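Novice: This is structure_39.cif, which holds mmCIF, C-alpha atoms:
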```
data_query
#
loop_
_atom_site.label_atom_id
_atom_site.label_comp_id
_atom_site.auth_asym_id
_atom_site.auth_seq_id
_atom_site.Cartn_x
_atom_site.Cartn_y
_atom_site.Cartn_z
CA MET A 230 13.71 69.23 -35.48
CA GLU A 231 12.40 68.02 -38.84
CA ARG A 232 14.65 64.97 -38.69
CA ILE A 233 13.30 64.09 -35.24
CA LYS A 234 9.72 64.24 -36.58
CA ARG A 235 10.59 61.87 -39.44
CA HIS A 236 12.20 59.32 -37.11
CA LYS A 237 9.99 59.69 -34.03
CA GLU A 238 8.72 56.10 -34.37
CA THR A 239 12.28 54.72 -34.21
CA ILE A 240 13.18 57.06 -31.34
CA LEU A 241 10.10 55.90 -29.41
CA ILE A 242 10.99 52.22 -29.92
CA ILE A 243 14.58 52.81 -28.75
CA ALA A 244 13.32 54.65 -25.66
CA ILE A 245 10.91 51.83 -24.75
CA TRP A 246 13.56 49.13 -25.04
CA LEU A 247 16.07 51.17 -23.06
CA LEU A 248 13.43 51.40 -20.35
CA VAL A 249 12.94 47.61 -20.48
CA PHE A 250 16.68 46.95 -20.13
CA LEU A 251 17.03 49.47 -17.27
CA SER A 252 13.97 48.19 -15.41
CA THR A 253 15.60 44.78 -14.79
CA PRO A 254 18.56 46.00 -12.67
CA ALA A 255 16.29 48.59 -11.03
CA TYR A 256 13.90 45.86 -9.86
CA MET A 257 16.76 43.62 -8.68
CA TYR A 258 18.27 46.51 -6.72
CA TYR A 259 14.88 47.21 -5.14
CA VAL A 260 14.66 43.55 -4.02
CA HIS A 261 18.23 43.82 -2.71
CA LEU A 262 17.27 46.83 -0.57
CA ALA A 263 14.00 45.29 0.61
CA ILE A 264 15.25 41.81 1.55
CA GLY A 265 18.94 42.46 2.08
CA ASN A 266 20.18 39.60 -0.09
CA GLN A 267 23.28 39.81 -2.26
CA PHE A 268 22.94 41.50 -5.64
CA GLU A 269 23.44 38.70 -8.21
CA TRP A 270 25.26 40.02 -11.25
CA GLU A 271 25.15 36.63 -12.95
CA SER A 272 21.36 36.60 -12.76
CA LEU A 273 21.25 40.15 -14.17
CA LYS A 274 23.40 39.02 -17.10
CA THR A 275 21.04 36.11 -17.78
CA LEU A 276 17.95 38.31 -17.63
CA TRP A 277 19.57 40.79 -20.02
CA ILE A 278 20.16 37.93 -22.46
CA PHE A 279 16.42 37.18 -22.31
CA ASP A 280 15.63 40.89 -22.80
CA ALA A 281 17.98 40.99 -25.79
CA GLY A 282 16.17 37.99 -27.28
CA PHE A 283 12.81 39.71 -26.88
CA CYS A 284 14.23 42.92 -28.36
CA LEU A 285 15.74 41.15 -31.37
CA LEU A 286 12.49 39.28 -32.01
CA PHE A 287 10.54 42.56 -31.85
CA LEU A 288 12.91 44.39 -34.22
CA VAL A 289 12.88 41.59 -36.80
CA HIS A 290 9.08 41.46 -36.63
CA HIS A 291 8.58 45.24 -36.72
CA TYR A 292 11.10 46.20 -39.42
CA ILE A 293 11.23 43.08 -41.63
CA LEU A 294 8.26 40.72 -41.29
CA VAL A 295 5.46 43.29 -40.97
CA PRO A 296 6.48 45.70 -43.79
CA ARG A 297 7.66 43.03 -46.23
CA PHE A 298 4.94 40.44 -45.73
CA MET A 299 2.03 41.52 -43.52
CA LEU A 300 1.47 44.96 -45.03
CA LYS A 301 1.80 43.54 -48.53
CA LYS A 302 -0.89 40.95 -47.68
CA ARG A 303 1.44 37.95 -47.96
CA ILE A 304 -0.20 36.39 -44.92
CA LYS A 305 1.07 32.82 -45.35
CA VAL A 306 4.68 33.93 -45.73
CA TYR A 307 4.27 36.24 -42.73
CA LEU A 308 2.86 33.47 -40.51
CA LEU A 309 5.58 31.02 -41.56
CA SER A 310 8.35 33.57 -40.99
CA THR A 311 6.92 34.55 -37.61
CA ALA A 312 6.72 30.88 -36.57
CA ILE A 313 10.37 30.37 -37.57
CA CYS A 314 11.44 33.43 -35.58
CA LEU A 315 9.51 32.22 -32.54
CA GLY A 316 11.16 28.82 -32.88
CA VAL A 317 14.62 30.40 -32.95
CA PHE A 318 13.67 32.54 -29.96
CA ILE A 319 12.51 29.51 -27.93
CA ALA A 320 15.72 27.64 -28.83
CA LEU A 321 17.74 30.62 -27.55
CA VAL A 322 15.71 30.74 -24.34
CA MET A 323 16.10 27.00 -23.69
CA HIS A 324 19.83 27.18 -24.38
CA THR A 325 20.19 30.09 -21.97
CA GLU A 326 18.11 28.35 -19.30
CA ASN A 327 20.20 25.16 -19.52
CA ARG A 328 23.50 27.04 -19.57
CA HIS A 329 22.99 29.66 -16.86
CA HIS A 330 20.57 28.04 -14.42
CA PRO A 331 21.68 24.44 -13.73
CA ARG A 332 22.89 25.24 -10.17
CA GLN A 333 19.85 27.35 -9.41
CA GLN A 334 17.53 24.62 -10.65
CA GLU A 335 19.37 22.06 -8.48
CA ARG A 336 19.06 24.36 -5.44
CA GLU A 337 15.34 24.78 -6.12
CA LYS A 338 14.85 21.02 -6.44
CA THR A 339 16.75 20.39 -3.19
CA TYR A 340 14.78 23.09 -1.39
CA GLU A 341 11.46 21.73 -2.63
CA SER A 342 12.37 18.18 -1.64
CA VAL A 343 13.24 19.29 1.89
CA ARG A 344 10.23 21.59 2.24
CA LYS A 345 7.54 19.24 0.96
CA PRO A 346 6.46 16.03 2.71
CA LYS A 347 7.24 12.74 1.05
CA ARG A 348 3.54 12.01 0.54
CA GLU A 349 3.20 15.22 -1.50
CA GLN A 350 6.27 14.33 -3.55
CA LYS A 351 4.87 10.90 -4.35
CA GLN A 352 1.53 12.45 -5.30
CA GLU A 353 3.28 14.96 -7.63
CA ASN A 354 5.34 12.19 -9.23
CA ALA A 355 2.16 10.19 -9.78
CA THR A 356 0.16 13.00 -11.38
CA TRP A 357 2.93 14.79 -13.37
CA LYS A 358 2.81 14.28 -17.11
CA PRO A 359 5.53 15.21 -19.62
CA ILE A 360 4.77 18.29 -21.72
CA LEU A 361 6.36 19.85 -24.80
CA LEU A 362 7.78 22.94 -23.08
CA PRO A 363 8.55 23.61 -19.40
CA PRO A 364 6.34 26.25 -17.75
CA PRO A 365 9.06 29.01 -17.69
CA ILE A 366 9.69 28.51 -21.41
CA MET A 367 5.96 28.49 -22.15
CA ALA A 368 5.57 31.72 -20.16
CA ARG A 369 8.24 33.47 -22.22
CA LEU A 370 6.70 32.13 -25.44
CA THR A 371 3.31 33.53 -24.36
CA ILE A 372 4.91 36.91 -23.65
CA ALA A 373 6.62 36.85 -27.06
CA VAL A 374 3.37 36.08 -28.90
CA LEU A 375 1.52 38.83 -27.00
CA MET A 376 4.38 41.23 -27.76
CA LEU A 377 4.11 40.53 -31.50
CA GLY A 378 0.34 40.99 -31.33
CA VAL A 379 0.81 44.36 -29.63
CA ASP A 380 3.36 45.27 -32.29
CA LEU A 381 0.78 44.60 -35.02
CA GLY A 382 -1.65 46.87 -33.23
CA ILE A 383 1.00 49.60 -32.91
CA VAL A 384 1.85 49.35 -36.63
CA ALA A 385 -1.83 49.58 -37.60
CA TRP A 386 -2.35 52.61 -35.34
CA TRP A 387 0.82 54.29 -36.60
CA ARG A 388 -0.17 53.77 -40.24
CA GLU A 389 -3.60 55.21 -39.55
CA GLN A 390 -2.03 58.33 -38.01
CA LYS A 391 0.29 58.73 -40.99
CA MET A 392 -2.62 58.27 -43.37
CA ARG A 393 -4.57 60.99 -41.60
CA GLN A 394 -1.61 63.34 -41.83
CA ARG A 395 -1.22 62.57 -45.54
CA LEU A 396 -4.91 63.22 -46.14
CA LEU A 397 -4.68 66.58 -44.41
CA LEU A 398 -1.62 67.50 -46.45
CA LEU A 399 -3.32 66.22 -49.57
CA GLU A 400 -6.37 68.42 -48.97
CA LYS A 401 -4.12 71.46 -48.67
CA GLN A 402 -2.16 70.38 -51.73
CA ASN A 403 -5.38 69.90 -53.72
CA LEU A 404 -6.44 73.45 -52.91
CA LYS A 405 -3.11 74.76 -54.19
CA GLN A 406 -3.36 72.45 -57.19
CA GLU A 407 -6.80 73.78 -58.11
CA LEU A 408 -5.45 77.32 -58.06
CA GLU A 409 -2.51 76.24 -60.23
CA GLN A 410 -4.88 74.54 -62.66
CA LEU A 411 -7.03 77.64 -62.95
CA ARG A 412 -3.91 79.67 -63.69
CA TYR A 413 -2.04 77.31 -66.01
CA GLN A 414 -4.16 74.48 -67.36
CA ILE A 415 -6.51 76.59 -69.49
CA ASN A 416 -4.43 79.69 -70.05
CA PRO A 417 -5.88 82.41 -72.29
CA HIS A 418 -2.91 82.30 -74.65
CA PHE A 419 -3.50 78.64 -75.45
CA LEU A 420 -7.23 79.23 -75.89
CA MET A 421 -6.66 82.22 -78.17
CA ASN A 422 -4.24 80.37 -80.46
CA THR A 423 -6.49 77.31 -80.62
CA LEU A 424 -9.56 79.36 -81.52
CA ASN A 425 -7.59 81.24 -84.19
CA ASN A 426 -6.45 77.93 -85.69
CA ILE A 427 -10.03 76.64 -85.67
CA HIS A 428 -11.18 79.88 -87.33
CA VAL A 429 -8.71 79.31 -90.15
CA LEU A 430 -9.77 75.67 -90.50
CA VAL A 431 -13.45 76.62 -90.90
CA ASP A 432 -12.77 77.85 -94.46
CA ILE A 433 -10.18 75.18 -95.33
CA ASP A 434 -11.38 71.96 -93.68
CA LYS A 435 -14.77 72.21 -91.96
CA GLU A 436 -14.75 68.60 -90.78
CA ARG A 437 -11.37 69.01 -89.10
CA ALA A 438 -12.54 72.31 -87.56
CA GLN A 439 -15.57 70.55 -86.07
CA ARG A 440 -13.37 67.84 -84.56
CA ALA A 441 -11.11 70.53 -83.10
CA ILE A 442 -14.09 72.26 -81.47
CA ILE A 443 -15.21 68.95 -79.97
CA ASP A 444 -11.69 68.30 -78.65
CA LEU A 445 -11.48 71.76 -77.12
CA SER A 446 -14.90 71.33 -75.49
CA GLY A 447 -13.93 67.96 -74.01
CA LEU A 448 -10.61 69.31 -72.80
CA MET A 449 -12.25 72.25 -71.01
CA ARG A 450 -14.99 70.06 -69.53
CA TYR A 451 -12.49 67.60 -68.03
CA ALA A 452 -10.22 70.34 -66.69
CA LEU A 453 -13.09 72.23 -65.08
CA TYR A 454 -15.20 69.39 -63.65
CA ASN A 455 -12.78 66.50 -63.00
CA SER A 456 -9.68 68.34 -61.82
CA HIS A 457 -10.93 68.63 -58.21
CA ASP A 458 -11.36 64.84 -57.79
CA TYR A 459 -8.88 62.80 -55.76
CA MET A 460 -8.73 60.14 -58.48
CA ALA A 461 -9.97 60.01 -62.04
CA PRO A 462 -10.18 57.04 -64.44
CA LEU A 463 -6.96 56.66 -66.37
CA ALA A 464 -9.01 56.31 -69.56
CA GLU A 465 -10.43 59.82 -69.01
CA GLU A 466 -6.96 61.21 -68.38
CA LEU A 467 -5.64 59.68 -71.60
CA ARG A 468 -8.63 60.99 -73.55
CA PHE A 469 -7.76 64.46 -72.23
CA ILE A 470 -4.13 63.99 -73.33
CA LYS A 471 -5.21 62.91 -76.84
CA GLN A 472 -7.50 65.95 -77.18
CA TYR A 473 -4.76 68.23 -75.90
CA ILE A 474 -2.20 66.86 -78.36
CA SER A 475 -4.72 67.03 -81.21
CA LEU A 476 -5.17 70.74 -80.53
CA MET A 477 -1.43 71.28 -80.20
CA ARG A 478 -0.93 69.77 -83.67
CA LEU A 479 -3.02 72.65 -85.04
CA ARG A 480 -0.62 75.18 -83.57
CA TYR A 481 2.66 73.82 -84.87
CA SER A 482 3.93 73.11 -88.35
CA GLU A 483 5.28 69.84 -89.68
CA LYS A 484 8.72 70.78 -88.32
CA VAL A 485 7.49 69.62 -84.93
CA ASP A 486 7.52 65.82 -84.68
CA ILE A 487 4.77 64.84 -82.25
CA SER A 488 4.53 61.16 -81.35
CA CYS A 489 2.00 59.81 -78.89
CA SER A 490 1.70 56.13 -77.94
CA LEU A 491 -1.17 55.41 -75.53
CA PRO A 492 -3.19 52.24 -74.84
CA ASP A 493 -6.49 52.02 -76.71
CA THR A 494 -8.40 50.06 -74.07
CA LEU A 495 -8.03 50.29 -70.31
CA PRO A 496 -9.67 48.53 -67.34
CA ALA A 497 -12.17 50.76 -65.56
CA SER A 498 -10.53 50.07 -62.20
CA ILE A 499 -7.33 51.96 -63.02
CA GLY A 500 -7.28 55.46 -61.54
CA ILE A 501 -4.79 58.33 -61.49
CA PRO A 502 -4.76 61.83 -59.98
CA PRO A 503 -6.38 64.13 -62.57
CA LEU A 504 -4.11 66.28 -64.75
CA LEU A 505 -1.00 64.69 -63.27
CA LEU A 506 0.52 63.59 -66.57
CA VAL A 507 -0.61 66.67 -68.49
CA THR A 508 1.80 68.79 -66.47
CA PHE A 509 4.76 66.97 -68.05
CA ILE A 510 3.25 67.28 -71.54
CA GLU A 511 2.52 70.99 -71.14
CA ASN A 512 6.06 71.45 -69.94
CA ALA A 513 7.40 69.67 -73.04
CA PHE A 514 5.43 71.84 -75.47
CA LYS A 515 6.14 75.04 -73.58
CA HIS A 516 9.93 74.65 -73.37
CA GLY A 517 10.82 72.08 -76.02
CA VAL A 518 9.07 73.24 -79.21
CA SER A 519 10.13 75.97 -81.64
CA TYR A 520 8.47 77.47 -84.73
CA LYS A 521 11.87 78.24 -86.27
CA GLN A 522 13.67 74.90 -86.12
CA SER A 523 12.96 71.20 -86.05
CA SER A 524 11.86 69.92 -82.67
CA TYR A 525 10.00 66.98 -81.22
CA VAL A 526 7.79 65.72 -78.40
CA TYR A 527 7.55 61.96 -77.77
CA ILE A 528 4.92 60.65 -75.34
CA ARG A 529 4.44 57.04 -74.32
CA LEU A 530 2.38 55.25 -71.66
CA SER A 531 2.27 51.50 -70.99
CA LEU A 532 0.64 49.25 -68.39
CA ASP A 533 1.68 46.16 -66.50
CA GLU A 534 -1.66 44.88 -65.16
CA GLU A 535 -0.12 41.86 -63.44
CA GLN A 536 2.18 44.00 -61.26
CA GLN A 537 -0.19 47.00 -61.30
CA LYS A 538 2.34 49.41 -62.76
CA ILE A 539 1.88 52.51 -64.92
CA HIS A 540 4.92 53.58 -66.91
CA PHE A 541 4.89 57.05 -68.49
CA GLN A 542 7.62 58.70 -70.59
CA CYS A 543 7.80 62.16 -72.09
CA ILE A 544 10.85 63.24 -74.12
CA ASN A 545 11.21 66.58 -75.85
CA SER A 546 13.85 68.56 -77.65
CA ARG A 547 15.50 71.56 -76.03
CA ILE A 548 15.98 75.02 -77.48
CA PRO A 549 19.69 75.79 -77.08
CA ASP A 550 19.33 79.54 -77.51
CA SER A 551 17.01 79.85 -74.50
CA PRO A 552 19.15 80.38 -71.36
CA SER A 553 16.18 79.98 -69.02
CA THR A 554 15.01 76.65 -70.42
CA LYS A 555 16.72 74.46 -67.85
CA LYS A 556 15.60 76.62 -64.94
CA GLU A 557 12.01 76.82 -66.16
CA GLN A 558 11.64 73.17 -67.07
CA GLN A 559 12.66 72.07 -63.61
CA GLY A 560 10.68 74.79 -61.86
CA ILE A 561 7.51 75.03 -59.77
CA GLY A 562 5.29 72.82 -61.94
CA LEU A 563 7.45 69.71 -61.69
CA ALA A 564 8.13 70.33 -57.99
CA ASN A 565 4.37 70.39 -57.35
CA VAL A 566 3.93 67.14 -59.28
CA ARG A 567 6.61 65.48 -57.18
CA LYS A 568 4.84 66.62 -53.99
CA ARG A 569 1.53 65.21 -55.24
CA LEU A 570 3.17 61.88 -56.04
CA GLU A 571 4.78 61.73 -52.60
CA LEU A 572 1.47 62.40 -50.89
CA ILE A 573 -0.63 60.00 -52.97
CA TYR A 574 1.91 57.22 -53.70
CA PRO A 575 4.45 57.30 -50.83
CA GLY A 576 7.15 54.75 -51.63
CA ASN A 577 5.19 53.41 -54.61
CA TYR A 578 6.47 55.56 -57.44
CA SER A 579 9.69 56.38 -59.27
CA LEU A 580 10.21 59.74 -61.01
CA THR A 581 13.36 60.42 -63.00
CA ILE A 582 13.83 63.83 -64.63
CA ASN A 583 16.86 64.08 -66.89
CA GLY A 584 17.82 67.54 -68.12
CA SER A 585 21.56 67.06 -68.20
CA THR A 586 21.89 66.83 -71.99
CA PRO A 587 21.81 70.08 -74.02
CA THR A 588 19.55 68.72 -76.78
CA SER A 589 16.82 66.79 -74.95
CA PHE A 590 14.76 66.70 -71.77
CA SER A 591 13.09 63.54 -70.49
CA VAL A 592 10.66 62.51 -67.78
CA ASP A 593 10.28 58.87 -66.73
CA LEU A 594 7.51 58.06 -64.24
CA THR A 595 6.56 54.63 -62.87
CA ILE A 596 3.64 54.26 -60.48
CA SER A 597 3.81 50.87 -58.74
CA THR A 598 0.21 50.71 -57.60
CA TRP A 599 -3.06 52.20 -58.73
CA SER A 600 -6.44 52.78 -57.19
CA GLN A 601 -9.62 54.64 -57.97
#
```
Turn the structure described in the file into structure tokens.

Specialist:
Amino acid sequence: MERIKRHKETILIIAIWLLVFLSTPAYMYYVHLAIGNQFEWESLKTLWIFDAGFCLLFLVHHYILVPRFMLKKRIKVYLLSTAICLGVFIALVMHTENRHHPRQQEREKTYESVRKPKREQKQENATWKPILLPPPIMARLTIAVLMLGVDLGIVAWWREQKMRQRLLLLEKQNLKQELEQLRYQINPHFLMNTLNNIHVLVDIDKERAQRAIIDLSGLMRYALYNSHDYMAPLAEELRFIKQYISLMRLRYSEKVDISCSLPDTLPASIGIPPLLLVTFIENAFKHGVSYKQSSYVYIRLSLDEEQQKIHFQCINSRIPDSPSTKKEQQGIGLANVRKRLELIYPGNYSLTINGSTPTSFSVDLTISTWSQ
């Protein structure tokens, strides 16, 4: 049942074209019963060739030209490709007309010449002017153009329906995400350890303690007031990550190698779902850092403004003596992130989670488009 829902658009298209192909012999049989003439199988074969041409043109337009060019706003390439396809279609129609209808055309000419008076024939010959395409070919071309126009309307309507469904799912997912954030993002254990570290710093390094308090305040403010937004500026998200890592440095000794490479300046137009990247970083510190042995967390984010891509990497060490590490690291948190990505960036992201090696765990995320 779930598979049928995913492919209902394709099933609907197949059903419509089956109806088109079946309607031709049904109509010819109805004419046969009404008039009593002989059922012409050769004519049915010719009409099916025309139907197949229309079907092929529709499929190429619907599954290739529209998604690859029109929806990606490559209008000139789309128009040129559509014109080429229409040209090939007209060539096929003309070839079929010339190959399968020469006798019928001769019979029609003979019938017309007998039926019409000579004066009418002379008048037609005097007023007829050569045109680029014969009327039957022009009629099929008109039908083909209208069919492609209807297809564009269907695609636009279908995308709007899918977008509405995604927005509904996203609203439900955001509600769940807010609950998860309240439970995990500012957990009491993290707050308690951070405040204890700041308390110790007050007597040792007051300036560093003040900076830590400012970082903690900014972290809590962003998590509480920005986490419910659909999109947040990427600069704000990275500021949150820097404050979070700064506080985590207070907790761990020099045995933990923490490396963070983030862009210093960012365009204001770049947005990202709030607290999306922090989930990976929290996961790395929670399952990849030890007080007893050397461990590391490496974080890197880069931008490709020309192609509108965000590339994020998070690599951390693994604790071999923890049997639940693998299960926990690939648990509910990362599954929820993957669902958020699928809802917000369908087909425009790549997430690779590698936990196959016993000594390291890595996350590689590429978002191919951004918006705010």

Novice: List, as a ChimeraX atom specification, every residue that the PyMOL selection byres ((chain A and resi 538-548) around 7) selects in the file provided.

Specialist: /A:509-510,513,516-518,524-534,536-537,549-551,587-598

Novice: Which residues fall under the PyMOL selection byres ((chain A and resi 253) around 12) in this file, as an mmCIF file with C-alpha atoms, keeping the file's coordinate frame?

Specialist:
```
data_model
loop_
_atom_site.group_PDB
_atom_site.id
_atom_site.type_symbol
_atom_site.label_atom_id
_atom_site.label_comp_id
_atom_site.auth_asym_id
_atom_site.auth_seq_id
_atom_site.Cartn_x
_atom_site.Cartn_y
_atom_site.Cartn_z
ATOM 1 C CA TRP A 246 13.560 49.130 -25.040
ATOM 2 C CA LEU A 247 16.070 51.170 -23.060
ATOM 3 C CA LEU A 248 13.430 51.400 -20.350
ATOM 4 C CA VAL A 249 12.940 47.610 -20.480
ATOM 5 C CA PHE A 250 16.680 46.950 -20.130
ATOM 6 C CA LEU A 251 17.030 49.470 -17.270
ATOM 7 C CA SER A 252 13.970 48.190 -15.410
ATOM 8 C CA PRO A 254 18.560 46.000 -12.670
ATOM 9 C CA ALA A 255 16.290 48.590 -11.030
ATOM 10 C CA TYR A 256 13.900 45.860 -9.860
ATOM 11 C CA MET A 257 16.760 43.620 -8.680
ATOM 12 C CA TYR A 258 18.270 46.510 -6.720
ATOM 13 C CA TYR A 259 14.880 47.210 -5.140
ATOM 14 C CA VAL A 260 14.660 43.550 -4.020
ATOM 15 C CA GLU A 269 23.440 38.700 -8.210
ATOM 16 C CA TRP A 270 25.260 40.020 -11.250
ATOM 17 C CA SER A 272 21.360 36.600 -12.760
ATOM 18 C CA LEU A 273 21.250 40.150 -14.170
ATOM 19 C CA LYS A 274 23.400 39.020 -17.100
ATOM 20 C CA THR A 275 21.040 36.110 -17.780
ATOM 21 C CA LEU A 276 17.950 38.310 -17.630
ATOM 22 C CA TRP A 277 19.570 40.790 -20.020
ATOM 23 C CA ILE A 278 20.160 37.930 -22.460
ATOM 24 C CA PHE A 279 16.420 37.180 -22.310
ATOM 25 C CA ASP A 280 15.630 40.890 -22.800
ATOM 26 C CA ALA A 281 17.980 40.990 -25.790
#
```

Novice: If the PyMOL selection byres ((chain A and resi 319) around 10) were run on this exact file, what residues would it hold? Put them as a PyMOL selection string.

Specialist: chain A and resi 282+313-318+320-325+362+366-367+369-370+373

Novice: Work out how far apart atom CA of Leu300 of chain A and atom CA of Thr239 of chain A are and give it in Å to one decimal.

Specialist: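 It comes out at 18.1 Å.
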
Novice: Report, in Å with one decimal, the straight-line distance from atom CA of Leu563 of chain A to atom CA of Pro503 of chain A.

Specialist: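 Taking atom CA of Leu563 of chain A and atom CA of Pro503 of chain A, their separation equals 14.9 Å.
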
Novice: Distance atom CA of His291 of chain A-atom CA of Gly576 of chain A, one decimal place?

Specialist: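 Atom CA of Gly576 of chain A lies 17.7 Å from atom CA of His291 of chain A.
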
Novice: Taking into account all atoms listed in the file, which residue in the set A:Leu476, A:Ile573, A:Glu466, A:Lys305 is nearest to Ile442 of chain A?

Specialist: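 For Ile442 of chain A, the nearest of the candidates is A:Leu476.
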
Novice: Can you pull out every residue within 12 Å of Gly500 of chain A, counting all atoms listed in the file, but drop anything in the same chain fewer than 2 positions away, and send it as a list of chain:residue names?

Specialist: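 Contacts, in chain order: A:Asp458, A:Tyr459, A:Met460, A:Ala461, A:Pro462, A:Leu463, A:Ala464, A:Glu465, A:Glu466, A:Leu467, A:Leu495, A:Pro496, A:Ala497, A:Ser498, A:Pro502, A:Pro503, A:Leu504, A:Leu505, A:Gln537, A:Lys538, A:Ile539, A:Ile573, A:Ile596, A:Thr598, A:Trp599, A:Ser600, A:Gln601.
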
Novice: List every protein, DNA or RNA residue that has an atom no more than 12 Å from (4.5, 62.1, -50.5) in the file's coordinate frame, counting only C-alpha atoms, and report them as a PDB file with C-alpha atoms, in the frame of the given file.

Specialist:
```
ATOM      1  CA  LYS A 391       0.290  58.730 -40.990  1.00  0.00           C
ATOM      2  CA  MET A 392      -2.620  58.270 -43.370  1.00  0.00           C
ATOM      3  CA  GLN A 394      -1.610  63.340 -41.830  1.00  0.00           C
ATOM      4  CA  ARG A 395      -1.220  62.570 -45.540  1.00  0.00           C
ATOM      5  CA  LEU A 396      -4.910  63.220 -46.140  1.00  0.00           C
ATOM      6  CA  LEU A 397      -4.680  66.580 -44.410  1.00  0.00           C
ATOM      7  CA  LEU A 398      -1.620  67.500 -46.450  1.00  0.00           C
ATOM      8  CA  LEU A 399      -3.320  66.220 -49.570  1.00  0.00           C
ATOM      9  CA  GLN A 402      -2.160  70.380 -51.730  1.00  0.00           C
ATOM     10  CA  ALA A 564       8.130  70.330 -57.990  1.00  0.00           C
ATOM     11  CA  ASN A 565       4.370  70.390 -57.350  1.00  0.00           C
ATOM     12  CA  VAL A 566       3.930  67.140 -59.280  1.00  0.00           C
ATOM     13  CA  ARG A 567       6.610  65.480 -57.180  1.00  0.00           C
ATOM     14  CA  LYS A 568       4.840  66.620 -53.990  1.00  0.00           C
ATOM     15  CA  ARG A 569       1.530  65.210 -55.240  1.00  0.00           C
ATOM     16  CA  LEU A 570       3.170  61.880 -56.040  1.00  0.00           C
ATOM     17  CA  GLU A 571       4.780  61.730 -52.600  1.00  0.00           C
ATOM     18  CA  LEU A 572       1.470  62.400 -50.890  1.00  0.00           C
ATOM     19  CA  ILE A 573      -0.630  60.000 -52.970  1.00  0.00           C
ATOM     20  CA  TYR A 574       1.910  57.220 -53.700  1.00  0.00           C
ATOM     21  CA  PRO A 575       4.450  57.300 -50.830  1.00  0.00           C
ATOM     22  CA  GLY A 576       7.150  54.750 -51.630  1.00  0.00           C
ATOM     23  CA  ASN A 577       5.190  53.410 -54.610  1.00  0.00           C
ATOM     24  CA  TYR A 578       6.470  55.560 -57.440  1.00  0.00           C
ATOM     25  CA  SER A 579       9.690  56.380 -59.270  1.00  0.00           C
TER      26      SER A 579
END
```

Novice: Find, counting all atoms listed in the file, the residue in A:Arg297, A:Arg480, A:His261, A:Arg468 that gets nearest to Tyr451 of chain A.

Specialist: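 Of all the options, A:Arg468 lies closest to Tyr451 of chain A.
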